[in-house]
Every structure is written in structure tokens, then in C-alpha cells.
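*Asks:* TSV, C-alpha atoms, saved as target_13.tsv, coming up:
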```tsv
chain	number	residue	atom	x	y	z
A	1	MET	CA	107.81	49.81	-90.10
A	2	PRO	CA	107.72	50.83	-93.80
A	3	ALA	CA	110.76	52.69	-95.14
A	4	ILE	CA	108.78	55.85	-95.88
A	5	ALA	CA	107.49	55.94	-92.28
A	6	LEU	CA	111.02	55.60	-90.89
A	7	TRP	CA	112.18	58.41	-93.18
A	8	ARG	CA	109.33	60.69	-92.10
A	9	GLN	CA	110.28	60.09	-88.46
A	10	GLY	CA	113.79	61.26	-89.22
A	11	ASP	CA	115.50	57.87	-89.05
A	12	SER	CA	118.89	58.56	-90.65
A	13	ARG	CA	119.27	54.87	-91.51
A	14	MET	CA	116.69	55.14	-94.24
A	15	PRO	CA	117.27	56.89	-97.57
A	16	ARG	CA	114.80	59.54	-98.65
A	17	PRO	CA	112.09	57.88	-100.78
A	18	HIS	CA	111.69	59.05	-104.35
A	19	LEU	CA	108.44	59.87	-106.13
A	20	LEU	CA	106.27	57.12	-107.52
A	21	LEU	CA	105.66	57.92	-111.18
A	22	ASP	CA	103.41	55.01	-112.13
A	23	TRP	CA	101.03	57.37	-113.96
A	24	ILE	CA	103.48	58.03	-116.80
A	25	ALA	CA	102.35	56.48	-120.09
A	26	LEU	CA	104.77	56.26	-123.03
A	27	ASP	CA	103.81	55.15	-126.54
A	28	GLY	CA	106.62	53.61	-128.56
A	29	ALA	CA	104.52	53.77	-131.73
A	30	ALA	CA	103.93	57.54	-131.48
A	31	VAL	CA	105.65	60.02	-133.77
A	32	GLN	CA	106.91	62.00	-130.79
A	33	PRO	CA	110.17	60.53	-129.36
A	34	LEU	CA	109.94	58.76	-126.01
A	35	TYR	CA	112.17	61.30	-124.24
A	36	ARG	CA	109.89	64.11	-125.44
A	37	GLN	CA	106.78	62.27	-124.20
A	38	LEU	CA	108.42	61.79	-120.81
A	39	TYR	CA	109.59	65.41	-120.69
A	40	THR	CA	106.12	66.74	-121.57
A	41	GLN	CA	104.35	64.66	-118.91
A	42	LEU	CA	106.86	65.50	-116.19
A	43	ARG	CA	106.83	69.20	-117.05
A	44	GLY	CA	103.05	69.31	-116.91
A	45	ALA	CA	103.08	67.57	-113.53
A	46	VAL	CA	105.58	70.07	-112.12
A	47	VAL	CA	103.63	73.07	-113.40
A	48	ASP	CA	100.23	71.94	-112.14
A	49	GLY	CA	101.57	70.83	-108.77
A	50	ARG	CA	101.24	67.05	-109.04
A	51	LEU	CA	104.99	66.88	-108.50
A	52	LYS	CA	105.61	68.92	-105.35
A	53	ALA	CA	108.54	71.29	-105.06
A	54	GLY	CA	111.54	69.71	-103.34
A	55	SER	CA	110.38	66.15	-104.01
A	56	LEU	CA	113.06	63.62	-104.88
A	57	MET	CA	112.90	62.25	-108.41
A	58	PRO	CA	113.84	58.64	-109.15
A	59	SER	CA	117.35	58.14	-110.45
A	60	SER	CA	117.62	57.79	-114.21
A	61	ARG	CA	118.43	54.09	-113.85
A	62	VAL	CA	115.46	53.40	-111.58
A	63	LEU	CA	112.96	55.31	-113.73
A	64	ALA	CA	114.28	53.73	-116.92
A	65	ARG	CA	113.80	50.29	-115.38
A	66	GLU	CA	110.28	51.14	-114.17
A	67	LEU	CA	109.23	52.51	-117.57
A	68	GLY	CA	110.98	49.84	-119.63
A	69	VAL	CA	113.02	52.34	-121.65
A	70	SER	CA	116.71	53.06	-122.08
A	71	ARG	CA	118.50	55.16	-119.51
A	72	ASN	CA	119.37	57.70	-122.24
A	73	THR	CA	115.66	58.35	-122.73
A	74	VAL	CA	115.30	59.37	-119.09
A	75	LEU	CA	118.59	61.29	-119.08
A	76	ASN	CA	117.54	63.32	-122.10
A	77	ALA	CA	114.21	64.20	-120.47
A	78	TYR	CA	115.85	65.08	-117.14
A	79	GLU	CA	118.52	67.21	-118.84
A	80	GLN	CA	115.90	69.19	-120.74
A	81	LEU	CA	113.80	69.73	-117.62
A	82	ALA	CA	116.88	70.83	-115.69
A	83	ALA	CA	117.93	73.20	-118.46
A	84	GLU	CA	114.49	74.85	-118.32
A	85	GLY	CA	114.44	75.01	-114.52
A	86	TYR	CA	111.81	72.40	-113.67
A	87	LEU	CA	114.32	70.06	-112.02
A	88	GLU	CA	117.50	70.77	-110.10
A	89	THR	CA	120.40	68.79	-108.64
A	90	ASN	CA	121.53	69.21	-105.03
A	91	ALA	CA	124.95	68.77	-103.45
A	92	ALA	CA	124.37	65.02	-103.11
A	93	SER	CA	123.68	64.76	-106.87
A	94	ALA	CA	120.02	63.96	-106.22
A	95	THR	CA	117.46	65.26	-108.71
A	96	LEU	CA	114.70	67.35	-107.10
A	97	VAL	CA	111.58	69.14	-108.31
A	98	SER	CA	112.22	72.88	-108.51
A	99	HIS	CA	110.18	75.52	-106.68
A	100	LEU	CA	107.80	77.35	-109.00
A	101	PRO	CA	105.58	80.30	-108.04
A	102	THR	CA	102.04	79.43	-107.00
A	103	SER	CA	100.66	82.93	-106.42
A	104	ASP	CA	97.19	83.93	-107.59
A	105	GLY	CA	96.94	84.59	-111.25
A	106	VAL	CA	99.55	82.07	-112.35
A	107	PRO	CA	97.84	79.69	-114.77
A	108	ALA	CA	97.82	76.02	-113.85
A	109	GLY	CA	99.75	73.78	-116.18
A	110	ASN	CA	97.99	71.53	-118.63
A	111	GLY	CA	100.64	68.89	-119.06
A	112	GLY	CA	101.86	70.44	-122.32
A	113	ALA	CA	98.52	70.14	-124.09
A	114	PRO	CA	97.05	73.21	-125.81
A	115	ALA	CA	94.45	74.88	-123.64
A	116	THR	CA	90.90	75.32	-124.84
A	117	VAL	CA	90.01	78.99	-124.91
A	118	GLU	CA	86.68	80.46	-125.85
A	119	PRO	CA	86.86	83.67	-127.92
A	120	GLU	CA	85.01	85.65	-125.25
A	121	ALA	CA	87.71	84.78	-122.72
A	122	ILE	CA	89.97	87.31	-124.42
A	123	ASP	CA	89.14	90.97	-124.69
A	124	VAL	CA	89.21	91.26	-128.47
A	125	ALA	CA	87.76	94.77	-128.24
A	126	THR	CA	91.31	95.97	-127.70
A	127	ALA	CA	92.46	94.09	-130.80
A	128	SER	CA	90.27	95.65	-133.48
A	129	ALA	CA	91.87	96.37	-136.81
A	130	ASP	CA	89.38	99.26	-137.09
A	131	SER	CA	90.55	100.88	-133.85
A	132	PRO	CA	91.43	104.61	-133.78
A	133	ARG	CA	95.11	103.78	-133.28
A	134	TRP	CA	95.14	101.51	-136.29
A	135	ARG	CA	93.47	104.10	-138.52
A	136	ALA	CA	95.79	106.86	-137.25
A	137	LEU	CA	99.03	104.93	-137.60
A	138	ARG	CA	98.38	102.84	-140.68
A	139	GLY	CA	101.11	103.69	-143.14
A	140	ASN	CA	102.20	106.62	-140.99
A	141	SER	CA	105.03	105.29	-138.80
A	142	PRO	CA	107.64	107.94	-138.01
A	143	VAL	CA	111.11	107.47	-139.45
A	144	LEU	CA	113.49	106.95	-136.56
A	145	ASP	CA	117.11	108.02	-136.51
A	146	LEU	CA	119.12	104.82	-136.53
A	147	PRO	CA	122.76	104.60	-135.37
A	148	ASP	CA	125.51	104.18	-137.91
A	149	ALA	CA	126.57	100.65	-138.74
A	150	VAL	CA	129.43	99.25	-136.68
A	151	ALA	CA	131.85	96.40	-137.13
A	152	PHE	CA	131.48	93.00	-135.48
A	153	ALA	CA	127.76	92.91	-136.24
A	154	PRO	CA	126.16	90.08	-134.21
A	155	GLY	CA	123.65	87.57	-135.48
A	156	VAL	CA	125.19	87.11	-138.92
A	157	PRO	CA	125.15	83.47	-140.08
A	158	ALA	CA	128.01	81.77	-141.93
A	159	PHE	CA	127.03	82.62	-145.50
A	160	ASP	CA	129.87	80.52	-146.91
A	161	GLN	CA	128.32	77.39	-145.35
A	162	PHE	CA	124.93	77.81	-147.01
A	163	PRO	CA	124.14	74.94	-149.45
A	164	THR	CA	123.80	77.25	-152.46
A	165	LYS	CA	123.68	74.52	-155.12
A	166	VAL	CA	121.00	72.51	-153.30
A	167	TRP	CA	118.95	75.65	-152.70
A	168	ALA	CA	119.19	76.69	-156.37
A	169	ARG	CA	118.14	73.22	-157.55
A	170	LEU	CA	115.12	73.06	-155.23
A	171	LEU	CA	114.10	76.61	-156.11
A	172	ALA	CA	114.21	75.80	-159.82
A	173	GLN	CA	112.18	72.61	-159.37
A	174	HIS	CA	109.38	74.32	-157.47
A	175	ALA	CA	109.37	77.40	-159.71
A	176	TYR	CA	108.87	75.12	-162.72
A	177	ARG	CA	105.78	73.60	-161.07
A	178	MET	CA	104.34	76.95	-159.96
A	179	GLN	CA	100.58	77.26	-160.43
A	180	PRO	CA	98.78	80.55	-161.22
A	181	ASP	CA	96.86	80.56	-157.94
A	182	MET	CA	100.13	80.75	-156.01
A	183	ALA	CA	100.45	84.39	-157.09
A	184	ASP	CA	96.94	85.32	-155.89
A	185	ASN	CA	97.21	87.43	-152.76
A	186	ASP	CA	93.52	87.09	-151.87
A	187	ALA	CA	93.84	83.30	-151.91
A	188	HIS	CA	96.74	83.34	-149.46
A	189	ILE	CA	96.14	86.08	-146.90
A	190	GLY	CA	98.65	85.48	-144.15
A	191	GLY	CA	100.99	83.56	-146.42
A	192	TYR	CA	101.05	80.66	-148.86
A	193	GLY	CA	98.90	77.85	-147.43
A	194	PRO	CA	101.36	74.95	-147.81
A	195	LEU	CA	104.10	77.08	-146.24
A	196	ARG	CA	101.93	77.84	-143.20
A	197	GLU	CA	101.06	74.15	-142.90
A	198	ALA	CA	104.75	73.19	-143.02
A	199	LEU	CA	105.61	75.86	-140.45
A	200	ALA	CA	102.85	74.74	-138.08
A	201	SER	CA	104.01	71.12	-138.35
A	202	TYR	CA	107.63	72.08	-137.69
A	203	LEU	CA	106.82	74.38	-134.77
A	204	ARG	CA	104.65	71.75	-133.07
A	205	ALA	CA	107.30	69.04	-133.42
A	206	ALA	CA	110.52	70.99	-132.87
A	207	ARG	CA	109.48	73.90	-130.65
A	208	MET	CA	106.36	72.56	-128.88
A	209	VAL	CA	104.32	75.52	-130.14
A	210	ALA	CA	100.55	75.04	-129.74
A	211	CYS	CA	99.19	76.06	-133.13
A	212	GLN	CA	97.25	75.21	-136.25
A	213	PRO	CA	98.15	76.43	-139.77
A	214	ASP	CA	95.55	79.22	-139.72
A	215	GLN	CA	97.29	80.74	-136.67
A	216	VAL	CA	100.55	81.13	-138.59
A	217	LEU	CA	100.87	84.44	-140.44
A	218	VAL	CA	103.82	85.01	-142.77
A	219	VAL	CA	105.32	88.51	-142.76
A	220	SER	CA	108.34	90.15	-144.37
A	221	SER	CA	110.47	90.39	-141.23
A	222	ALA	CA	110.45	90.09	-137.46
A	223	ARG	CA	110.15	93.87	-137.28
A	224	ALA	CA	107.10	93.79	-139.51
A	225	GLY	CA	105.53	91.15	-137.29
A	226	LEU	CA	106.23	93.18	-134.17
A	227	ASP	CA	104.83	96.33	-135.80
A	228	LEU	CA	101.66	94.43	-136.72
A	229	VAL	CA	101.23	93.16	-133.15
A	230	CYS	CA	101.61	96.67	-131.72
A	231	ARG	CA	99.17	98.22	-134.16
A	232	VAL	CA	96.50	95.60	-133.59
A	233	LEU	CA	96.76	94.94	-129.86
A	234	VAL	CA	97.94	98.12	-128.14
A	235	GLU	CA	95.37	100.85	-127.45
A	236	GLY	CA	95.51	104.29	-125.89
A	237	ASP	CA	98.68	105.26	-124.04
A	238	ALA	CA	99.46	101.75	-122.77
A	239	PRO	CA	103.23	101.18	-122.99
A	240	ALA	CA	105.15	98.01	-123.82
A	241	LEU	CA	107.63	96.33	-121.49
A	242	VAL	CA	110.99	95.52	-123.08
A	243	GLU	CA	114.14	93.85	-121.78
A	244	GLU	CA	117.00	96.04	-120.54
A	245	PRO	CA	119.51	95.39	-121.91
A	246	GLY	CA	117.62	94.23	-124.94
A	247	TYR	CA	117.26	94.18	-128.71
A	248	ASN	CA	117.40	97.78	-129.93
A	249	SER	CA	115.70	97.07	-133.27
A	250	ALA	CA	112.69	95.68	-131.43
A	251	LYS	CA	112.51	98.80	-129.27
A	252	THR	CA	112.59	101.10	-132.29
A	253	SER	CA	109.94	99.01	-134.07
A	254	ILE	CA	107.63	99.31	-131.07
A	255	GLN	CA	108.24	103.04	-130.88
A	256	ALA	CA	107.65	103.40	-134.61
A	257	ALA	CA	104.19	101.92	-134.09
A	258	GLY	CA	103.45	104.76	-131.68
A	259	VAL	CA	103.88	102.72	-128.49
A	260	ALA	CA	106.07	103.91	-125.62
A	261	VAL	CA	108.61	101.45	-124.26
A	262	VAL	CA	109.38	100.83	-120.59
A	263	PRO	CA	112.76	99.12	-119.97
A	264	VAL	CA	112.66	96.25	-117.48
A	265	PRO	CA	115.88	94.89	-115.90
A	266	VAL	CA	117.08	91.40	-116.81
A	267	ASP	CA	118.78	89.16	-114.24
A	268	ASP	CA	120.09	85.60	-114.42
A	269	GLU	CA	116.51	84.27	-114.73
A	270	GLY	CA	115.28	86.69	-117.39
A	271	MET	CA	113.02	89.74	-117.40
A	272	ARG	CA	112.01	90.99	-113.93
A	273	ILE	CA	108.30	91.17	-114.71
A	274	ASP	CA	107.55	92.09	-111.09
A	275	LEU	CA	109.53	95.32	-111.54
A	276	GLY	CA	107.86	95.93	-114.88
A	277	GLU	CA	104.40	95.55	-113.37
A	278	THR	CA	105.30	97.99	-110.60
A	279	SER	CA	106.78	100.64	-112.90
A	280	ALA	CA	104.13	100.35	-115.62
A	281	PRO	CA	100.90	98.81	-114.25
A	282	ASN	CA	99.01	99.90	-117.39
A	283	ALA	CA	101.34	97.99	-119.76
A	284	ARG	CA	99.47	95.52	-121.95
A	285	LEU	CA	102.39	94.15	-123.96
A	286	ALA	CA	105.76	92.63	-123.08
A	287	TYR	CA	108.47	91.82	-125.62
A	288	LEU	CA	111.19	89.34	-124.66
A	289	THR	CA	113.56	86.68	-125.96
A	290	PRO	CA	113.03	83.76	-123.52
A	291	ALA	CA	115.13	80.99	-125.09
A	292	HIS	CA	118.27	83.09	-125.56
A	293	GLN	CA	118.05	86.59	-124.17
A	294	TRP	CA	119.58	89.31	-126.28
A	295	PRO	CA	122.37	90.20	-125.53
A	296	THR	CA	123.12	88.34	-122.25
A	297	GLY	CA	122.30	84.82	-123.50
A	298	VAL	CA	120.21	84.07	-120.39
A	299	ALA	CA	117.35	81.57	-120.74
A	300	VAL	CA	114.20	82.52	-118.83
A	301	SER	CA	113.81	80.14	-115.88
A	302	ALA	CA	110.75	77.97	-115.32
A	303	ALA	CA	109.73	80.04	-112.29
A	304	ARG	CA	110.04	83.31	-114.21
A	305	ARG	CA	108.02	81.87	-117.09
A	306	GLN	CA	105.16	81.21	-114.69
A	307	GLU	CA	105.45	84.77	-113.36
A	308	LEU	CA	105.29	86.17	-116.89
A	309	LEU	CA	102.20	84.14	-117.76
A	310	GLY	CA	100.60	85.12	-114.46
A	311	TRP	CA	101.22	88.81	-115.25
A	312	ALA	CA	99.62	88.47	-118.68
A	313	GLU	CA	96.57	86.75	-117.20
A	314	ARG	CA	96.10	89.30	-114.41
A	315	ARG	CA	96.59	92.33	-116.62
A	316	ASN	CA	94.74	91.06	-119.68
A	317	ALA	CA	98.04	91.58	-121.48
A	318	TRP	CA	100.06	89.93	-124.25
A	319	ILE	CA	103.58	88.57	-124.45
A	320	VAL	CA	105.58	88.65	-127.68
A	321	GLU	CA	108.02	85.73	-127.61
A	322	ASP	CA	110.85	86.39	-130.06
A	323	ASP	CA	112.40	82.97	-130.67
A	324	TYR	CA	115.11	84.50	-132.86
A	325	ASP	CA	118.01	82.15	-132.06
A	326	SER	CA	116.42	79.09	-130.51
A	327	GLU	CA	117.81	76.55	-132.98
A	328	PHE	CA	121.40	77.25	-131.96
A	329	ARG	CA	122.73	75.77	-128.70
A	330	TYR	CA	126.21	74.65	-127.70
A	331	ALA	CA	124.80	71.70	-125.76
A	332	GLY	CA	121.41	70.04	-125.34
A	333	ARG	CA	118.21	70.54	-127.26
A	334	PRO	CA	116.38	73.83	-127.87
A	335	LEU	CA	114.33	74.97	-124.87
A	336	ALA	CA	110.56	74.63	-125.04
A	337	THR	CA	108.65	77.77	-125.92
A	338	LEU	CA	106.75	80.04	-123.56
A	339	GLN	CA	103.88	79.89	-126.05
A	340	GLY	CA	103.64	76.11	-125.73
A	341	LEU	CA	103.62	76.28	-121.96
A	342	ASP	CA	100.82	78.84	-122.12
A	343	GLY	CA	98.84	76.78	-124.62
A	344	GLY	CA	98.77	79.74	-127.00
A	345	ASN	CA	96.41	81.90	-124.95
A	346	ARG	CA	98.42	85.01	-124.12
A	347	VAL	CA	101.63	84.62	-126.12
A	348	ILE	CA	102.30	85.74	-129.69
A	349	TYR	CA	105.17	83.69	-131.06
A	350	LEU	CA	107.63	85.38	-133.44
A	351	GLY	CA	110.13	83.55	-135.64
A	352	THR	CA	112.25	84.18	-138.71
A	353	PHE	CA	114.36	82.41	-141.35
A	354	SER	CA	117.18	84.95	-141.09
A	355	LYS	CA	119.47	82.76	-138.98
A	356	VAL	CA	118.67	79.26	-140.23
A	357	MET	CA	118.78	80.35	-143.88
A	358	PHE	CA	119.83	83.93	-144.73
A	359	PRO	CA	118.60	87.43	-143.77
A	360	SER	CA	117.97	88.72	-147.29
A	361	LEU	CA	115.22	86.13	-147.72
A	362	ARG	CA	113.09	88.64	-145.75
A	363	THR	CA	110.62	86.09	-144.45
A	364	ALA	CA	109.34	85.76	-140.90
A	365	TYR	CA	106.16	84.56	-139.22
A	366	ILE	CA	104.01	85.08	-136.17
A	367	VAL	CA	101.70	82.65	-134.39
A	368	VAL	CA	98.68	84.36	-132.87
A	369	PRO	CA	96.09	83.01	-130.40
A	370	GLN	CA	93.14	81.35	-132.14
A	371	PRO	CA	90.55	83.98	-131.06
A	372	LEU	CA	92.66	86.69	-132.72
A	373	VAL	CA	93.22	85.01	-136.08
A	374	ALA	CA	90.38	86.85	-137.81
A	375	VAL	CA	91.39	90.31	-136.65
A	376	PHE	CA	95.04	89.77	-137.58
A	377	ARG	CA	94.09	88.49	-141.02
A	378	LYS	CA	91.89	91.56	-141.48
A	379	ALA	CA	94.80	93.79	-140.50
A	380	LEU	CA	97.03	92.06	-143.07
A	381	TYR	CA	94.54	92.34	-145.93
```
As a first step, turn the structure in this file into C-alpha cells.

*Replies:*
Amino acid sequence: MPAIALWRQGDSRMPRPHLLLDWIALDGAAVQPLYRQLYTQLRGAVVDGRLKAGSLMPSSRVLARELGVSRNTVLNAYEQLAAEGYLETNAASATLVSHLPTSDGVPAGNGGAPATVEPEAIDVATASADSPRWRALRGNSPVLDLPDAVAFAPGVPAFDQFPTKVWARLLAQHAYRMQPDMADNDAHIGGYGPLREALASYLRAARMVACQPDQVLVVSSARAGLDLVCRVLVEGDAPALVEEPGYNSAKTSIQAAGVAVVPVPVDDEGMRIDLGETSAPNARLAYLTPAHQWPTGVAVSAARRQELLGWAERRNAWIVEDDYDSEFRYAGRPLATLQGLDGGNRVIYLGTFSKVMFPSLRTAYIVVPQPLVAVFRKALY
């Protein structure tokens, strides 16, 4: 009798069979590293259900031999998937597929590839730059009372480690070659073209963000980007869901745009979106820090990411993913973005140069879904 039949009949003599992953295709000539190709294909298979929850994965040695790659390639992919909650290890040190939610409204995975979305699939009527809220609030944000500065301010990079001489030399070289059209605002709505192209290339390669250069909009700060999102996307008295505890500056920025905030508890898997949906069913925006929650440091689990995307789909809502500190990790590689998992449909990605360079540079960027590019560019003009 075959081994798998003996195992199914409960014969304790036979080890539990692992999954057959003969559909994995790796390209050694591709720009993307082999471990990242393997990670992307396995993640997509877990999300869309091809790899069933609780199934036993091949050992790293076995899979490496089957794929003809080094064991480190498989280990790196497994470690990343485990860090993001797609795989888990049991008491016997076996690697299993994690349980992800499969309730109605949770979008099926697409194997890491950007989803194709028609403009009419998104209600852009609520995102008009000519909306009453936009006209009423434009240039009229209330000044909020901010707390006094305190010592031990978090999030401050090591200024003494910045390569000042290299930065000054590069700045001088590019300033010397500056062309007149670089100063033309009308020619670069949303930011300098080559900068947006470089950002899109970096975000696709390093953060698995699904985007093209025209989706990247350069703003003066993360707060400015968040303010822009609130003014363009939030209508009527719809509140925004925010993490509790969470980033106070983000809360005040949302409030300054005239949007009420509803605090949502954070546990060891991230924002409890189920509680947020219950307490504020009319919310159409959620702000969170999935890769490194502020201030707890929790990374949103794979299951919770699916719940968040399911909420956005059901409620015709938007998620603002603040990736403020993703480049810094004590161990392992940065976690993949929520925006990349979603394919860029319901998630607005927010990033800044404040940590990787220096805060006074005052440069940040947002990545908006393709159907909303025109309305966001209009709002910026």
C-alpha cells in the first residue's frame, strides 16, 4: 500500500507526507533573487488556498534538492514566510501552512502579482477633489494644541552616522547639471519624474509594492500625505479607524483634516479590525503601521492582513499603510507590504526619507491605486 494511504489510515509506522511542490518555477537569470521568487510563489499559494492550512511543508533540504537550489535559498524563503505568519513550526519542528481566514469578502490571493482593476470597480465618486469637504477644508485645517516636547524622543536616527561628505559631493554634482525644466512645477505634478521612477523601482524590488511611477506622489511629509488622503477620500461624517495605542501625530493629522478618529485596540497580531468594524461600521478609512506597529513593535500577522483587506473590500473602504520604519529590523529581511499583497487596490502606501536619511529633508511619498491617480494629481495641483 502506498505510504500516503497508510498515513491516511492512521498507521503510526508511516511519517506524515509533505506537500508536492512540483509547480514551483524559479528563474536563475531573473533580476529577482531565487529566495524572493520562491517566497512570492509560496505566499500566493497559501493566500489563494492552493496550499491548505495545516499541510506539512517539505524540509528545507528536501525542497532545495527538488528545486536544484541551495538550502539557504529555501531557508530564507521559509524564514520570511514564517515571520509574516504564512508558515509555522510545531513542537516536532515540522513546518506547516498557517491557518488564514477564508470568510466572505476576503480577497483571493494572486500569487504576489498586481491585480488588474478597472476604474469603475472603485467608487471614485467619494474621491473627488471637487467634493464639498475638499472645498470646505482646503487651506482651512484647524490648529491643534500639541503637547510640549519631551526628552527621549523616539524615531530619531543617528545623525552622526550620516555620510555628510558623500551627500554633499553628490548634491553638488547634480546641482551643477540642473536643467531649467526641473524647476517647473507644472511639468512635475506629484514630484520630479526621475525621482518617482527611482522610488517605484525601489519599492517594487525592496518592498514588493505593486506600483508604476505615475502612482507615486511626492509630498513634503508623512503628515502631508495623510492629510491629502483624508481630504480626497473621506466624505460626510465617516470616521477613520486608528490603532490604539498608536501614532499620535497621525491621529492629529486626521483630525486636522476634519475627520473623526475611532481608536481600535491592537493585540499581538495587530489592529483588531473586527472590533473597529463593530464600533464604527460607517468608517471608510483605516490608518495602521503593519510592518512595525507604533509603539508596540508588533507586525501584523498574515491572518490579520487578510481580515483587513476583507474589511476594505466589504466596506468600500481604504487602508493607509504607514511603512515608516520598515527598513530597520534586528533580524531577517523587511516584511512584505500590505499594499503588495492587495495588489494596490484598496491600500494607499505611505513612506518617508526621515529615518533612512534625515527628518529635515522634509520629503515623503504616497502610492495611490491606479484608478485614483488622476484625482490625487488634481488635488495636488

*Asks:* Using only C-alpha atoms for the distances, tell me which of A:Gln41, A:Ser98, A:Gln370, A:Thr363 is nearest to A:Arg346.

*Replies:*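 Selected residue with least distance to A:Arg346: A:Gln370.
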
*Asks:* Looking at A:Ala336, A:Val62, A:Val320, A:Ala94, which one is nearest to A:Leu203, with distances taken over all atoms listed in the file?

*Replies:*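 Smallest separation from A:Leu203 among the options: A:Ala336.
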
*Asks:* Excluding A:Ala77 and any residue of its chain fewer than 5 positions from it, enumerate the residues within 8 Å of it, using only C-alpha atoms, and give them as a PyMOL selection string.

*Replies:* chain A and resi 35-36+38-39

*Asks:* My list of candidates is A:Ala240, A:Lys355, A:Gln37, A:Thr278. Which is closest to A:Pro263 when distances are computed with all atoms listed in the file?

*Replies:*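 Answer, going by the shortest atom-to-atom distance: A:Ala240.
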
*Asks:* Contacts of A:Pro213 at 8 Å or less, counting all atoms listed in the file, minus same-chain residues fewer than 4 places along, as a list in words?

*Replies:*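 Residues meeting the cut-off are Gly193, Arg196, Glu197, Leu199 and Ala200 of chain A.
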
*Asks:* To one decimal in Å, tell me the separation between atom CA of A:Leu308 and atom CA of A:Ile273.

*Replies:*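 Taking atom CA of A:Leu308 and atom CA of A:Ile273, their separation equals 6.2 Å.
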
*Asks:* A:Leu288, A:Val347, A:Ala168, A:Val368: which is nearest A:Val218, counting only C-alpha atoms?

*Replies:*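 That would be A:Val368, the residue with the smallest distance to A:Val218.
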
*Asks:* List the spatial neighbours of A:Leu217 as a ChimeraX atom specification - criterion: any atom at most 9 Å away, only C-alpha atoms, same-chain residues fewer than 3 positions off excluded.

*Replies:* /A:189-191,196,213-214,225,364-368,373,376-377,380

*Asks:* Just the selected residues (C-alpha atoms), exported as a short mmCIF file (atom, residue, chain, number, x, y, z; two decimals), keeping the file's coordinate frame, please.

*Replies:*
```cif
data_model
loop_
_atom_site.label_atom_id
_atom_site.label_comp_id
_atom_site.auth_asym_id
_atom_site.auth_seq_id
_atom_site.Cartn_x
_atom_site.Cartn_y
_atom_site.Cartn_z
CA ILE A 189 96.14 86.08 -146.90
CA GLY A 190 98.65 85.48 -144.15
CA GLY A 191 100.99 83.56 -146.42
CA ARG A 196 101.93 77.84 -143.20
CA PRO A 213 98.15 76.43 -139.77
CA ASP A 214 95.55 79.22 -139.72
CA GLY A 225 105.53 91.15 -137.29
CA ALA A 364 109.34 85.76 -140.90
CA TYR A 365 106.16 84.56 -139.22
CA ILE A 366 104.01 85.08 -136.17
CA VAL A 367 101.70 82.65 -134.39
CA VAL A 368 98.68 84.36 -132.87
CA VAL A 373 93.22 85.01 -136.08
CA PHE A 376 95.04 89.77 -137.58
CA ARG A 377 94.09 88.49 -141.02
CA LEU A 380 97.03 92.06 -143.07
#
```

*Asks:* Please report the interatomic distance between atom CA of A:Ile254 and atom CA of A:Ala222 in Å with one decimal.

*Replies:* 11.6 Å

*Asks:* Residues around (112.9, 69.3, -119.1), cut-off 12 Å, counting all atoms listed in the file - what are they as a PyMOL selection string?

*Replies:* chain A and resi 35-47+73-88+97-98+112+301-302+332-337+341

*Asks:* Selected residues, C-alpha atoms, written as a PDB file, in the frame of the given file, please.

*Replies:*
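In the end it all went to out.pdb:
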```pdb
ATOM      1  CA  TYR A  35     112.170  61.300-124.240  1.00  0.00           C
ATOM      2  CA  ARG A  36     109.890  64.110-125.440  1.00  0.00           C
ATOM      3  CA  GLN A  37     106.780  62.270-124.200  1.00  0.00           C
ATOM      4  CA  LEU A  38     108.420  61.790-120.810  1.00  0.00           C
ATOM      5  CA  TYR A  39     109.590  65.410-120.690  1.00  0.00           C
ATOM      6  CA  THR A  40     106.120  66.740-121.570  1.00  0.00           C
ATOM      7  CA  GLN A  41     104.350  64.660-118.910  1.00  0.00           C
ATOM      8  CA  LEU A  42     106.860  65.500-116.190  1.00  0.00           C
ATOM      9  CA  ARG A  43     106.830  69.200-117.050  1.00  0.00           C
ATOM     10  CA  GLY A  44     103.050  69.310-116.910  1.00  0.00           C
ATOM     11  CA  ALA A  45     103.080  67.570-113.530  1.00  0.00           C
ATOM     12  CA  VAL A  46     105.580  70.070-112.120  1.00  0.00           C
ATOM     13  CA  VAL A  47     103.630  73.070-113.400  1.00  0.00           C
ATOM     14  CA  THR A  73     115.660  58.350-122.730  1.00  0.00           C
ATOM     15  CA  VAL A  74     115.300  59.370-119.090  1.00  0.00           C
ATOM     16  CA  LEU A  75     118.590  61.290-119.080  1.00  0.00           C
ATOM     17  CA  ASN A  76     117.540  63.320-122.100  1.00  0.00           C
ATOM     18  CA  ALA A  77     114.210  64.200-120.470  1.00  0.00           C
ATOM     19  CA  TYR A  78     115.850  65.080-117.140  1.00  0.00           C
ATOM     20  CA  GLU A  79     118.520  67.210-118.840  1.00  0.00           C
ATOM     21  CA  GLN A  80     115.900  69.190-120.740  1.00  0.00           C
ATOM     22  CA  LEU A  81     113.800  69.730-117.620  1.00  0.00           C
ATOM     23  CA  ALA A  82     116.880  70.830-115.690  1.00  0.00           C
ATOM     24  CA  ALA A  83     117.930  73.200-118.460  1.00  0.00           C
ATOM     25  CA  GLU A  84     114.490  74.850-118.320  1.00  0.00           C
ATOM     26  CA  GLY A  85     114.440  75.010-114.520  1.00  0.00           C
ATOM     27  CA  TYR A  86     111.810  72.400-113.670  1.00  0.00           C
ATOM     28  CA  LEU A  87     114.320  70.060-112.020  1.00  0.00           C
ATOM     29  CA  GLU A  88     117.500  70.770-110.100  1.00  0.00           C
ATOM     30  CA  VAL A  97     111.580  69.140-108.310  1.00  0.00           C
ATOM     31  CA  SER A  98     112.220  72.880-108.510  1.00  0.00           C
ATOM     32  CA  GLY A 112     101.860  70.440-122.320  1.00  0.00           C
ATOM     33  CA  SER A 301     113.810  80.140-115.880  1.00  0.00           C
ATOM     34  CA  ALA A 302     110.750  77.970-115.320  1.00  0.00           C
ATOM     35  CA  GLY A 332     121.410  70.040-125.340  1.00  0.00           C
ATOM     36  CA  ARG A 333     118.210  70.540-127.260  1.00  0.00           C
ATOM     37  CA  PRO A 334     116.380  73.830-127.870  1.00  0.00           C
ATOM     38  CA  LEU A 335     114.330  74.970-124.870  1.00  0.00           C
ATOM     39  CA  ALA A 336     110.560  74.630-125.040  1.00  0.00           C
ATOM     40  CA  THR A 337     108.650  77.770-125.920  1.00  0.00           C
ATOM     41  CA  LEU A 341     103.620  76.280-121.960  1.00  0.00           C
TER      42      LEU A 341
END
```

*Asks:* One decimal, in Å: what's the spacing between atom CA of A:Cys211 and atom CA of A:Arg362?

*Replies:*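 Taking atom CA of A:Cys211 as the start and atom CA of A:Arg362 as the end point, the length is 22.6 Å.
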
*Asks:* I need the residue nearest A:Phe162 from this list: A:Val356, A:Pro180, A:Gln339, A:Leu350. Use all atoms listed in the file for the distance.

*Replies:*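 Ranked by minimum distance to A:Phe162, first place goes to A:Val356.
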
*Asks:* A:Arg50, A:Met357, A:Leu56, A:Asp181: which is nearest A:Ala92, counting only C-alpha atoms?

*Replies:*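 Closest residue, counting only C-alpha atoms: A:Leu56.
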